[in-house]
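Undergrad: Got a structure here, written out as structure tokens. Questions coming.
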Amino acid sequence: MKKLFFIFLLIGSSCALWSQEDDGNILLPKNQKNQNPFGGFTFGGNIGASFGDNVWGVSLSPRIGYKLTDDLELAFSVNYNWQKTSYSQYNFLGLGPAVNYYFFRSAYVHTSYQHYFIKQKFDRQESYRTEEDALYLGGGYMQPLGGNAYLQMGFSYNVLYKKDKSIFSSGFSPSVGVVIGL
């Protein structure tokens with residue numbers, strides 16, 4: 001009886017181990033990588049708002065990317081910011097490429113270049129236009145949202161930032177956004 005039980009246990013264990021190598025199992029991570037309905041393209045971006053004493057503004061930053069490998073992505077982003085204070089109004093439009101590298105789908109590092117077109121208008125009807133370049137280096141944390149969508153939270157630093165010559169108040173830039181297609 002013990003020999004018969006041992007034989008059934010051995011056959012059952014080998015069947016269980018053999019079934020784990022099934023290439024058609026959609027629950028295996030190696031088979032989930034190809035479930036992106038957009039091919040190698042990724043989509044995402046950030047939406048923001050700012051409020052304060054006599055200040056309010058909105059920002060929109062959509063992005064599109066393409067996965068060069070499972071962990072390396074080349075992207076292009078557009079950034080638009082509008083801000084109004086009690087005495088002025090600002091419009092920023094930034095365009096540029098980015099490269100992102102993902103670690104185990106839980107962290108990322110990135111670099112992006114942005115060329116900003118800036119228009120400022122003051123209550124005295126004075127206005128001027130300027131342009132500014134930014135090269136951001138940064139990284140952050142990723143939280144899975146389900147499927148191939150992730151929440152990204154991180155920080156960047158503009159290495160081209162010059163305190164007395166920049167339109168920006170700081171070289172640091174926090175970001176929270178969503179990316180779909182990883």
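We name chains A, B, ... following the order of the structure tokens; residues begin at 1 in each chain, and ligands are numbered from 1 as shown.
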Pull the closest atom pair for each residue of segment 75-148 of chain A that gets at most 10 Å from segment 162-169 of chain A, along with the distance in Å to one decimal, counting only C-alpha atoms, ordering rows by chain and then ascending residue number, as a Markdown table.

TA:
```
| residue | atom | partner | partner_atom | distance |
| --- | --- | --- | --- | --- |
| A:Ile118 | CA | A:Ile167 | CA | 8.6 |
| A:Thr130 | CA | A:Ile167 | CA | 9.0 |
| A:Glu131 | CA | A:Ile167 | CA | 9.2 |
| A:Glu132 | CA | A:Ser166 | CA | 7.5 |
| A:Asp133 | CA | A:Ser166 | CA | 9.4 |
| A:Ala134 | CA | A:Ser166 | CA | 9.8 |
```

Undergrad: I want to know what sits within 6 Å of Thr42 of chain A, based on only C-alpha atoms, with residues of the same chain fewer than 3 positions away left out; could you give that as a compact mmCIF listing (two decimals) with N, CA and C atoms, in the first residue's frame?

TA:
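Dumped to out_3.txt:
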```
# COMPACT_ATOMS: atom_id res chain seq x y z
N ILE A 64 4.29 60.27 -24.86
CA ILE A 64 4.19 59.03 -25.61
C ILE A 64 5.59 58.45 -25.67
N GLY A 65 5.69 57.14 -25.53
CA GLY A 65 7.00 56.51 -25.53
C GLY A 65 6.99 55.23 -26.34
N TYR A 66 8.18 54.70 -26.54
CA TYR A 66 8.32 53.42 -27.21
C TYR A 66 9.36 52.60 -26.46
N ILE A 180 1.00 53.96 -19.07
CA ILE A 180 0.26 52.78 -19.51
C ILE A 180 1.02 52.15 -20.67
N GLY A 181 1.19 50.85 -20.62
CA GLY A 181 1.83 50.14 -21.72
C GLY A 181 3.13 49.48 -21.36
```

Undergrad: Just to confirm, what's the straight-line distance from atom CA of Gly146 of chain A to atom CA of Glu73 of chain A in Å (one decimal)?

TA: 19.6 Å

Undergrad: Can you pull out every residue from segment 71-160 of chain A that DSSP, working from the backbone, puts in strand (DSSP E), and format the result as number ranges by chain?

TA: A: 72-85, 88-103, 107-122, 127-146, 149-158

Undergrad: List as a list in words the protein and nucleic acid residues near segment 59-62 of chain A, meaning an atom at most 6 Å away when only C-alpha atoms are counted, but skip any in the same chain fewer than 2 places from it.

TA: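 Listing them by chain and then by number gives Gly44, Gly45, Asn46, Ile47, Gly48, Ser77, Val78, Asn79, Tyr80 and Asn81 of chain A.
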